[in-house]
Amino acid sequence: MSTTAPDRPGVGEADPQPEGSARLLSALDPTGAPVTLAAHRSTYPQPLAANGRARSLVDEVDAAGLRGRGGAGFPTAHKLRAALDAPGDPIVVVNGTEGEPASAKDRFLLASSPQLVLDGALLAARAIGATEVRVCVERGAERELVAVHRAIEERRGVEPLPDVQVLATPNHFVAGEESALVHWLDGGDALPTGRLVRPTLRGVAGRPTLVDNVETLAHLAQVNRFGAEWFRRSGTAAEPGTRLCTVTLPDGSRRVVEAGCGSPLAPIATAAGATLDGSGGVLVGGYFGAWITAAEAAGAAFGDDGLHHLGATAGCGVIAPLPPGVCGWCETARALWWMAGESAGQCGPCVNGLGAIADLAGQVAGGSAPANAVPWLQRWGDQVDGRGACRLPDGAVRLLRSALRVFAREVDQHLGLGRCPLGSVGFLPFPDHRSAPWR
Amino acid sequence: MAVIRRLAVDPIRCDGRGLCAELFPERVSLDDWGFPIVDPTPIDAALLRDARRAVQLCPVLALRVETVPVELPVRH
């Protein structure tokens, strides 16, 4: 993995492919400014060229084995084919909403390499025959919105552009969910619809809609440039390529690093400046992920395969080791309270269940819970799991169950002492969205 | 193609009136807040009438009987 850019291959070199695990982060501007179009074009000279490939881009992405980097890990080629085969005039939606508070990698990529993301979006658009691209960035992410606007302006008059627009989306956790984003683009609230028909078949205005995460599209641009075989040189056979990871440091700040999918977790954390030593637990995959113990994390590969036996996934790439002295149960209680507040308020099991779970988890944290709190939390978790129109309740229950496993001792201490054994310290970030509009 | 039928609820439409659990307890129970927990076990011919009755009498039209090809994995 790499946290810094290696020497950028010079123009005119025979093999300009980025070596090692620094790929998306291989050609950043050293000042932190967005890579300009001119600089970008020295590495990616002809964005829409086939680069000597015999295969179509969709087949190349399929051969590369690229999976979505937004958290769900759906095969990107399947989505491209579905949108390509669906009847109607297709549209591409670039999902840069990054609702996950512990993640910063999508915003980092948009701010540092907007041209690479645009290449990916335009390539995907051409592959499925779309003439419209909508880049969705969370409201309040001003630096990223400006970077994308400027990146598009740089291209105008220089390169042929389809209809590309940047849109600032409502900043709610569930607003970036595919069906919620489509509903909002159709003029509605950014609420999950629970529709059984995939957007690739009928999405925005009933048209085939390809919704892809910004990192996914950046990888797609590199697959187009360097090919499937190159892409598979990093990562594992089951999870090829690299992923951007957001590591939370002990002071609460976050750093973005790039690592091969399925590579050991501990060196990723260390490279970012965090340590697993003395940590009470590590949150992997974000608030939609799960807690694992520091010992498990030390021996784990950071990939869906490597984390499966721990009930976790790499999700959107978050690694957040608790600093020594920070109580994992109190952090979980805060996360559950936040997630309950992020409910769209549409489904009974989510509104009632997450609310009850968050209340009781908070009582445990504060030391006022009844002695039988744990069986009630388990019961409500079982009742809520899988019963929403979106996956918010499922994510909250996964977090809850992992916390009950990893922090079982802390829970007992809370219940026995009537207070937090460590003295609760807020560590994980929780943006306040409660008054934010849904439209 | 062989198909199975199973009960499904639209969680957005559902208001938790609870009629379904009274009409079709074979597949519907209620959670601690009165909202239906639907058992996705396939509904055989003997139960299909009861299932359809529950679907028709749901005051907010949140229930449906889904027809699923057996070749596909059953969603839980």
# chains A, B, ... in the order shown; residues from 1 in each chain; ligands from 1
>>> interface_residues(of="chain B", to="chain A", cutoff="12 Å", atoms="only C-alpha atoms", output="PDB file with N, CA and C atoms, in the first residue's frame")
ATOM      1  N   ALA B   8     -45.491 -11.300   1.014  1.00  0.00           N
ATOM      2  CA  ALA B   8     -44.494 -10.239   1.181  1.00  0.00           C
ATOM      3  C   ALA B   8     -45.216  -8.970   1.604  1.00  0.00           C
ATOM      4  N   VAL B   9     -44.505  -8.121   2.349  1.00  0.00           N
ATOM      5  CA  VAL B   9     -45.102  -6.866   2.815  1.00  0.00           C
ATOM      6  C   VAL B   9     -44.258  -5.705   2.297  1.00  0.00           C
ATOM      7  N   ASP B  10     -44.938  -4.633   1.904  1.00  0.00           N
ATOM      8  CA  ASP B  10     -44.245  -3.391   1.538  1.00  0.00           C
ATOM      9  C   ASP B  10     -44.087  -2.587   2.829  1.00  0.00           C
ATOM     10  N   PRO B  11     -42.849  -2.493   3.361  1.00  0.00           N
ATOM     11  CA  PRO B  11     -42.682  -1.885   4.692  1.00  0.00           C
ATOM     12  C   PRO B  11     -42.980  -0.391   4.703  1.00  0.00           C
ATOM     13  N   ILE B  12     -42.937   0.261   3.532  1.00  0.00           N
ATOM     14  CA  ILE B  12     -43.234   1.697   3.496  1.00  0.00           C
ATOM     15  C   ILE B  12     -44.741   1.931   3.608  1.00  0.00           C
ATOM     16  N   ARG B  13     -45.522   1.113   2.888  1.00  0.00           N
ATOM     17  CA  ARG B  13     -46.973   1.255   2.961  1.00  0.00           C
ATOM     18  C   ARG B  13     -47.536   0.819   4.309  1.00  0.00           C
ATOM     19  N   CYS B  14     -46.931  -0.216   4.876  1.00  0.00           N
ATOM     20  CA  CYS B  14     -47.485  -0.836   6.086  1.00  0.00           C
ATOM     21  C   CYS B  14     -47.588   0.174   7.228  1.00  0.00           C
ATOM     22  N   ASP B  15     -48.773   0.176   7.880  1.00  0.00           N
ATOM     23  CA  ASP B  15     -49.027   1.065   9.007  1.00  0.00           C
ATOM     24  C   ASP B  15     -49.072   0.316  10.325  1.00  0.00           C
ATOM     25  N   GLY B  16     -48.933  -0.994  10.254  1.00  0.00           N
ATOM     26  CA  GLY B  16     -48.992  -1.789  11.470  1.00  0.00           C
ATOM     27  C   GLY B  16     -50.395  -1.933  12.024  1.00  0.00           C
ATOM     28  N   ARG B  17     -51.408  -2.035  11.143  1.00  0.00           N
ATOM     29  CA  ARG B  17     -52.787  -2.214  11.644  1.00  0.00           C
ATOM     30  C   ARG B  17     -52.972  -3.610  12.250  1.00  0.00           C
ATOM     31  N   GLY B  18     -52.235  -4.577  11.737  1.00  0.00           N
ATOM     32  CA  GLY B  18     -52.207  -5.894  12.371  1.00  0.00           C
ATOM     33  C   GLY B  18     -53.278  -6.880  11.925  1.00  0.00           C
ATOM     34  N   SER B  29     -46.651 -12.932  12.010  1.00  0.00           N
ATOM     35  CA  SER B  29     -46.668 -12.634  13.440  1.00  0.00           C
ATOM     36  C   SER B  29     -46.397 -11.137  13.579  1.00  0.00           C
ATOM     37  N   LEU B  30     -46.539 -10.622  14.780  1.00  0.00           N
ATOM     38  CA  LEU B  30     -46.311  -9.186  14.966  1.00  0.00           C
ATOM     39  C   LEU B  30     -45.064  -8.960  15.806  1.00  0.00           C
ATOM     40  N   ASP B  31     -44.338  -7.900  15.483  1.00  0.00           N
ATOM     41  CA  ASP B  31     -43.178  -7.559  16.310  1.00  0.00           C
ATOM     42  C   ASP B  31     -43.658  -6.822  17.568  1.00  0.00           C
ATOM     43  N   ASP B  32     -42.734  -6.374  18.391  1.00  0.00           N
ATOM     44  CA  ASP B  32     -43.106  -5.792  19.678  1.00  0.00           C
ATOM     45  C   ASP B  32     -43.832  -4.457  19.545  1.00  0.00           C
ATOM     46  N   TRP B  33     -43.926  -3.931  18.306  1.00  0.00           N
ATOM     47  CA  TRP B  33     -44.619  -2.663  18.080  1.00  0.00           C
ATOM     48  C   TRP B  33     -45.857  -2.849  17.210  1.00  0.00           C
ATOM     49  N   GLY B  34     -46.199  -4.108  16.938  1.00  0.00           N
ATOM     50  CA  GLY B  34     -47.416  -4.400  16.197  1.00  0.00           C
ATOM     51  C   GLY B  34     -47.268  -4.422  14.689  1.00  0.00           C
ATOM     52  N   PHE B  35     -46.044  -4.422  14.207  1.00  0.00           N
ATOM     53  CA  PHE B  35     -45.827  -4.486  12.760  1.00  0.00           C
ATOM     54  C   PHE B  35     -45.563  -5.931  12.333  1.00  0.00           C
ATOM     55  N   PRO B  36     -46.043  -6.307  11.156  1.00  0.00           N
ATOM     56  CA  PRO B  36     -46.002  -7.718  10.765  1.00  0.00           C
ATOM     57  C   PRO B  36     -44.589  -8.215  10.437  1.00  0.00           C
ATOM     58  N   ILE B  37     -44.294  -9.409  10.969  1.00  0.00           N
ATOM     59  CA  ILE B  37     -43.098 -10.146  10.561  1.00  0.00           C
ATOM     60  C   ILE B  37     -43.605 -11.276   9.681  1.00  0.00           C
ATOM     61  N   VAL B  38     -43.242 -11.218   8.399  1.00  0.00           N
ATOM     62  CA  VAL B  38     -43.788 -12.164   7.436  1.00  0.00           C
ATOM     63  C   VAL B  38     -42.826 -13.339   7.251  1.00  0.00           C
ATOM     64  N   ASP B  39     -43.351 -14.523   7.403  1.00  0.00           N
ATOM     65  CA  ASP B  39     -42.585 -15.752   7.191  1.00  0.00           C
ATOM     66  C   ASP B  39     -42.600 -16.060   5.682  1.00  0.00           C
ATOM     67  N   ALA B  62     -50.722  -3.110   1.731  1.00  0.00           N
ATOM     68  CA  ALA B  62     -49.276  -3.299   1.875  1.00  0.00           C
ATOM     69  C   ALA B  62     -48.854  -4.745   1.644  1.00  0.00           C
ATOM     70  N   GLU B  66     -46.338 -13.020  -3.666  1.00  0.00           N
ATOM     71  CA  GLU B  66     -45.333 -13.013  -4.727  1.00  0.00           C
ATOM     72  C   GLU B  66     -45.245 -14.385  -5.365  1.00  0.00           C
ATOM     73  N   ARG B  75     -35.542 -15.294  -1.386  1.00  0.00           N
ATOM     74  CA  ARG B  75     -35.089 -14.143  -0.600  1.00  0.00           C
ATOM     75  C   ARG B  75     -35.725 -14.182   0.787  1.00  0.00           C
ATOM     76  N   HIS B  76     -34.911 -13.985   1.813  1.00  0.00           N
ATOM     77  CA  HIS B  76     -35.460 -13.993   3.173  1.00  0.00           C
ATOM     78  C   HIS B  76     -35.460 -12.595   3.743  1.00  0.00           C
TER      79      HIS B  76
END
>>> select_by_dssp(residues="region 54-120 of chain A", states="strand (DSSP E or B)", output="PDB file with all heavy atoms, in the first residue's frame")
ATOM      1  N   ARG A  67     -15.430  -4.625  -8.724  1.00  0.00           N
ATOM      2  CA  ARG A  67     -16.674  -4.572  -7.951  1.00  0.00           C
ATOM      3  C   ARG A  67     -16.864  -3.168  -7.397  1.00  0.00           C
ATOM      4  O   ARG A  67     -15.891  -2.459  -7.172  1.00  0.00           O
ATOM      5  CB  ARG A  67     -16.634  -5.571  -6.794  1.00  0.00           C
ATOM      6  CG  ARG A  67     -16.818  -6.998  -7.247  1.00  0.00           C
ATOM      7  CD  ARG A  67     -16.553  -7.974  -6.127  1.00  0.00           C
ATOM      8  NE  ARG A  67     -16.818  -9.337  -6.563  1.00  0.00           N
ATOM      9  CZ  ARG A  67     -18.024  -9.917  -6.472  1.00  0.00           C
ATOM     10  NH1 ARG A  67     -19.039  -9.273  -5.929  1.00  0.00           N
ATOM     11  NH2 ARG A  67     -18.209 -11.146  -6.914  1.00  0.00           N
ATOM     12  N   PRO A  75     -20.789  -6.532  -8.736  1.00  0.00           N
ATOM     13  CA  PRO A  75     -19.914  -6.532  -9.924  1.00  0.00           C
ATOM     14  C   PRO A  75     -20.296  -5.412 -10.902  1.00  0.00           C
ATOM     15  O   PRO A  75     -21.439  -5.335 -11.351  1.00  0.00           O
ATOM     16  CB  PRO A  75     -20.146  -7.907 -10.550  1.00  0.00           C
ATOM     17  CG  PRO A  75     -20.661  -8.762  -9.441  1.00  0.00           C
ATOM     18  CD  PRO A  75     -21.438  -7.840  -8.547  1.00  0.00           C
ATOM     19  N   ILE A  91     -28.852   6.816 -18.699  1.00  0.00           N
ATOM     20  CA  ILE A  91     -28.254   7.964 -18.025  1.00  0.00           C
ATOM     21  C   ILE A  91     -27.268   7.428 -16.972  1.00  0.00           C
ATOM     22  O   ILE A  91     -27.479   6.363 -16.415  1.00  0.00           O
ATOM     23  CB  ILE A  91     -29.362   8.849 -17.386  1.00  0.00           C
ATOM     24  CG1 ILE A  91     -28.771  10.011 -16.589  1.00  0.00           C
ATOM     25  CG2 ILE A  91     -30.295   8.052 -16.506  1.00  0.00           C
ATOM     26  CD1 ILE A  91     -29.825  11.048 -16.197  1.00  0.00           C
ATOM     27  N   VAL A  92     -26.184   8.186 -16.759  1.00  0.00           N
ATOM     28  CA  VAL A  92     -25.182   7.779 -15.764  1.00  0.00           C
ATOM     29  C   VAL A  92     -25.264   8.710 -14.556  1.00  0.00           C
ATOM     30  O   VAL A  92     -25.274   9.935 -14.711  1.00  0.00           O
ATOM     31  CB  VAL A  92     -23.757   7.813 -16.364  1.00  0.00           C
ATOM     32  CG1 VAL A  92     -22.700   7.630 -15.277  1.00  0.00           C
ATOM     33  CG2 VAL A  92     -23.603   6.731 -17.430  1.00  0.00           C
ATOM     34  N   VAL A  93     -25.343   8.123 -13.370  1.00  0.00           N
ATOM     35  CA  VAL A  93     -25.332   8.894 -12.131  1.00  0.00           C
ATOM     36  C   VAL A  93     -24.053   8.550 -11.361  1.00  0.00           C
ATOM     37  O   VAL A  93     -23.821   7.389 -11.034  1.00  0.00           O
ATOM     38  CB  VAL A  93     -26.568   8.585 -11.263  1.00  0.00           C
ATOM     39  CG1 VAL A  93     -26.485   9.314  -9.923  1.00  0.00           C
ATOM     40  CG2 VAL A  93     -27.840   8.958 -12.004  1.00  0.00           C
ATOM     41  N   VAL A  94     -23.230   9.567 -11.146  1.00  0.00           N
ATOM     42  CA  VAL A  94     -21.981   9.390 -10.415  1.00  0.00           C
ATOM     43  C   VAL A  94     -22.279   9.628  -8.940  1.00  0.00           C
ATOM     44  O   VAL A  94     -22.626  10.737  -8.546  1.00  0.00           O
ATOM     45  CB  VAL A  94     -20.922  10.389 -10.920  1.00  0.00           C
ATOM     46  CG1 VAL A  94     -19.604  10.192 -10.177  1.00  0.00           C
ATOM     47  CG2 VAL A  94     -20.733  10.234 -12.428  1.00  0.00           C
ATOM     48  N   ASN A  95     -22.146   8.574  -8.137  1.00  0.00           N
ATOM     49  CA  ASN A  95     -22.537   8.667  -6.733  1.00  0.00           C
ATOM     50  C   ASN A  95     -21.342   9.090  -5.875  1.00  0.00           C
ATOM     51  O   ASN A  95     -20.497   8.287  -5.511  1.00  0.00           O
ATOM     52  CB  ASN A  95     -23.113   7.338  -6.257  1.00  0.00           C
ATOM     53  CG  ASN A  95     -23.803   7.456  -4.911  1.00  0.00           C
ATOM     54  OD1 ASN A  95     -23.673   8.483  -4.234  1.00  0.00           O
ATOM     55  ND2 ASN A  95     -24.533   6.436  -4.523  1.00  0.00           N
ATOM     56  N   GLY A  96     -21.300  10.398  -5.562  1.00  0.00           N
ATOM     57  CA  GLY A  96     -20.254  10.923  -4.695  1.00  0.00           C
ATOM     58  C   GLY A  96     -20.841  11.439  -3.394  1.00  0.00           C
ATOM     59  O   GLY A  96     -20.335  12.395  -2.818  1.00  0.00           O
TER      60      GLY A  96
END
>>> residues_around(residues="region 20-25 of chain B", least_positions_apart="6", cutoff="7 Å", atoms="only C-alpha atoms", output="PyMOL selection string")
chain B and resi 36+50-51+54+58
>>> write_last_selection(atoms="C-alpha atoms", output="compact mmCIF listing (two decimals), in the first residue's frame")
# COMPACT_ATOMS: atom_id res chain seq x y z
CA PRO B 36 -46.00 -7.72 10.76
CA ASP B 50 -56.33 -17.43 3.38
CA ALA B 51 -53.26 -15.64 2.06
CA ALA B 54 -55.29 -11.23 4.05
CA CYS B 58 -55.12 -5.08 4.29
>>> select_by_dssp(residues="chain B", states="helix (DSSP H, G or I)", output="VMD selection string")
chain B and resid 19 to 23 45 to 57
>>> write_last_selection(atoms="N, CA and C atoms", output="mmCIF file, in the first residue's frame")
data_model
loop_
_atom_site.group_PDB
_atom_site.id
_atom_site.type_symbol
_atom_site.label_atom_id
_atom_site.label_comp_id
_atom_site.auth_asym_id
_atom_site.auth_seq_id
_atom_site.Cartn_x
_atom_site.Cartn_y
_atom_site.Cartn_z
ATOM 1 N N LEU B 19 -54.127 -6.484 10.956
ATOM 2 C CA LEU B 19 -55.162 -7.423 10.496
ATOM 3 C C LEU B 19 -54.563 -8.705 9.936
ATOM 4 N N CYS B 20 -53.446 -8.554 9.220
ATOM 5 C CA CYS B 20 -52.837 -9.702 8.552
ATOM 6 C C CYS B 20 -52.484 -10.806 9.544
ATOM 7 N N ALA B 21 -52.031 -10.412 10.725
ATOM 8 C CA ALA B 21 -51.637 -11.425 11.710
ATOM 9 C C ALA B 21 -52.855 -12.177 12.235
ATOM 10 N N GLU B 22 -54.014 -11.486 12.275
ATOM 11 C CA GLU B 22 -55.236 -12.170 12.703
ATOM 12 C C GLU B 22 -55.781 -13.051 11.606
ATOM 13 N N LEU B 23 -55.687 -12.563 10.364
ATOM 14 C CA LEU B 23 -56.277 -13.292 9.240
ATOM 15 C C LEU B 23 -55.396 -14.445 8.765
ATOM 16 N N ALA B 45 -51.201 -24.793 -1.798
ATOM 17 C CA ALA B 45 -52.544 -24.543 -2.333
ATOM 18 C C ALA B 45 -53.582 -24.445 -1.214
ATOM 19 N N ALA B 46 -53.417 -25.241 -0.152
ATOM 20 C CA ALA B 46 -54.409 -25.269 0.924
ATOM 21 C C ALA B 46 -54.487 -23.930 1.654
ATOM 22 N N LEU B 47 -53.385 -23.168 1.658
ATOM 23 C CA LEU B 47 -53.357 -21.903 2.405
ATOM 24 C C LEU B 47 -53.554 -20.676 1.518
ATOM 25 N N LEU B 48 -53.569 -20.902 0.208
ATOM 26 C CA LEU B 48 -53.561 -19.771 -0.715
ATOM 27 C C LEU B 48 -54.788 -18.867 -0.553
ATOM 28 N N ARG B 49 -55.943 -19.478 -0.294
ATOM 29 C CA ARG B 49 -57.171 -18.677 -0.095
ATOM 30 C C ARG B 49 -57.026 -17.733 1.090
ATOM 31 N N ASP B 50 -56.513 -18.259 2.191
ATOM 32 C CA ASP B 50 -56.329 -17.426 3.384
ATOM 33 C C ASP B 50 -55.330 -16.305 3.114
ATOM 34 N N ALA B 51 -54.286 -16.645 2.380
ATOM 35 C CA ALA B 51 -53.262 -15.641 2.062
ATOM 36 C C ALA B 51 -53.875 -14.517 1.233
ATOM 37 N N ARG B 52 -54.648 -14.884 0.229
ATOM 38 C CA ARG B 52 -55.255 -13.866 -0.653
ATOM 39 C C ARG B 52 -56.260 -13.011 0.105
ATOM 40 N N ARG B 53 -56.940 -13.627 1.060
ATOM 41 C CA ARG B 53 -57.915 -12.884 1.853
ATOM 42 C C ARG B 53 -57.184 -11.818 2.685
ATOM 43 N N ALA B 54 -56.070 -12.197 3.274
ATOM 44 C CA ALA B 54 -55.287 -11.231 4.048
ATOM 45 C C ALA B 54 -54.804 -10.092 3.154
ATOM 46 N N VAL B 55 -54.383 -10.423 1.941
ATOM 47 C CA VAL B 55 -53.919 -9.411 0.993
ATOM 48 C C VAL B 55 -55.055 -8.440 0.672
ATOM 49 N N GLN B 56 -56.258 -9.003 0.412
ATOM 50 C CA GLN B 56 -57.391 -8.149 0.011
ATOM 51 C C GLN B 56 -57.868 -7.257 1.149
ATOM 52 N N LEU B 57 -57.751 -7.731 2.372
ATOM 53 C CA LEU B 57 -58.320 -6.985 3.495
ATOM 54 C C LEU B 57 -57.326 -6.046 4.176
#
>>> closest_residue(among="B:Val28, B:Val65, B:Val60, B:Val70", to="Leu7 (chain B)", atoms="only C-alpha atoms")
B:Val65
